[in-house]
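Student: My structure is below; once you've seen it, I'll send some questions.
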Amino acid sequence: MKIIVVAAFKQEAQYFLNKDKPEKTLSFPFPVYDAGRYSIVISGPGKTNAASAVTCMLAGAGQCHVINAGSAGALKADIREGSTFAVNKIFEADRHLLSGEKRFLFTENITSLPSAVCLCRDIPVITAAERDFFSSDADIADMESAAVFQICRLFKAGCSIIKTVSDSSSCSDKSEIINKISAVSVKLYETVSGLMERIEN
């Protein structure tokens, strides 16, 4: 079973790179690192980048399990920065505009982590008003999970979505949010390492 870790930003993957010192095997179209036990790809933010990166990694790869490890913003006041969740439901908020029906994707939590509903859209959720608007349908927000999950489903690959909260629901400064992304890397590494052991066994 090949394990593929997908991170949108290098900051999210930095501890993986520092700790395991994987060999960089590809620079284009996406940076890919081989750690032996797993490969890690830096997709860039957004659903198109995520879908393209996962497609490149899964095409012709055989049996795989993909772990989307990344940061997320909190939509609810009781979710604290540093909290880590396994996403078991994705609200793809920008897919219901034509049909008028909200689109949810159902994933599987194979970890002991608490589950969360993740809002996924190509526009980041920044302001308190935006966070409050979506909080009735989701707990946290990202920009890649829906794409990763759907490409994995297309290739019949296993998929786990692991998100560590980088910014609270009260955080609305774009620069501050970006600066906080790197703070999640250690927690993601620890969580994903445990998940890989479960997948391998």
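Every chain in the structure tokens has a letter given in the order shown (A, B, ...), and although residue numbers restart at 1 in each chain, ligands are simply numbered from 1 in the order shown.
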Can you tell me which residues surround Gln11 (chain A) at a distance of at most 7 Å, considering only C-alpha atoms, apart from same-chain residues fewer than 4 positions away, and format the answer as a count of residues only?

Tutor: 3

Student: List the neighbours of Val87 (chain A) out to 9 Å using only C-alpha atoms; skip same-chain residues closer than 5 positions along the sequence, and give me the result as a list in words.

Tutor: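 What passes the distance filter is Phe106, Thr107, Glu108, Asn109, Pro114, Ser115, Ala116, Val117, Cys118, Ser145, Ser160, Ile161, Ile162 and Lys163 of chain A.
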
Student: Give me a file of those residues, with C-alpha atoms, as a PDB file, in the first residue's frame.

Tutor:
```pdb
ATOM      1  CA  PHE A 106     -19.281  11.806   3.058  1.00  0.00           C
ATOM      2  CA  THR A 107     -15.821  10.547   3.986  1.00  0.00           C
ATOM      3  CA  GLU A 108     -14.639   8.023   6.567  1.00  0.00           C
ATOM      4  CA  ASN A 109     -12.872   8.702   9.848  1.00  0.00           C
ATOM      5  CA  PRO A 114     -12.863  13.752  16.683  1.00  0.00           C
ATOM      6  CA  SER A 115     -14.764  14.136  13.417  1.00  0.00           C
ATOM      7  CA  ALA A 116     -15.595  17.446  11.789  1.00  0.00           C
ATOM      8  CA  VAL A 117     -17.599  18.800   8.897  1.00  0.00           C
ATOM      9  CA  CYS A 118     -15.358  20.794   6.573  1.00  0.00           C
ATOM     10  CA  SER A 145     -10.577  18.571   0.771  1.00  0.00           C
ATOM     11  CA  SER A 160      -8.262  10.492   4.869  1.00  0.00           C
ATOM     12  CA  ILE A 161      -8.698  14.216   5.452  1.00  0.00           C
ATOM     13  CA  ILE A 162      -6.761  15.483   8.483  1.00  0.00           C
ATOM     14  CA  LYS A 163      -7.044  19.157   9.415  1.00  0.00           C
TER      15      LYS A 163
END
```

Student: Taking 2 positions as the minimum chain separation for residues in the same chain, which residues sit within 9 Å of Gly158 (chain A) when counting only C-alpha atoms? Answer as a list in words.

Tutor: Gln63, Cys64, His65, Val66, Ile67, Phe149, Cys152, Arg153, Phe155, Lys156 and Ser160 of chain A

Student: Nearest to Glu92 (chain A): which of A:Ala72, A:Pro124, A:Thr48, A:Ala147 is it, counting only C-alpha atoms?

Tutor: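 Checking each of A:Ala72, A:Pro124, A:Thr48, A:Ala147 against Glu92 (chain A), counting only C-alpha atoms, the winner is A:Ala147.
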
Student: Skip Ala74 (chain A) itself and residues of its chain fewer than 2 positions away, then list as a VMD selection string all residues within 12 Å of it, counting only C-alpha atoms.

Tutor: chain A and resid 71 to 72 76 to 85 116 to 119 124 to 128 130 to 132 134 to 135 138 to 142 163 to 172 177
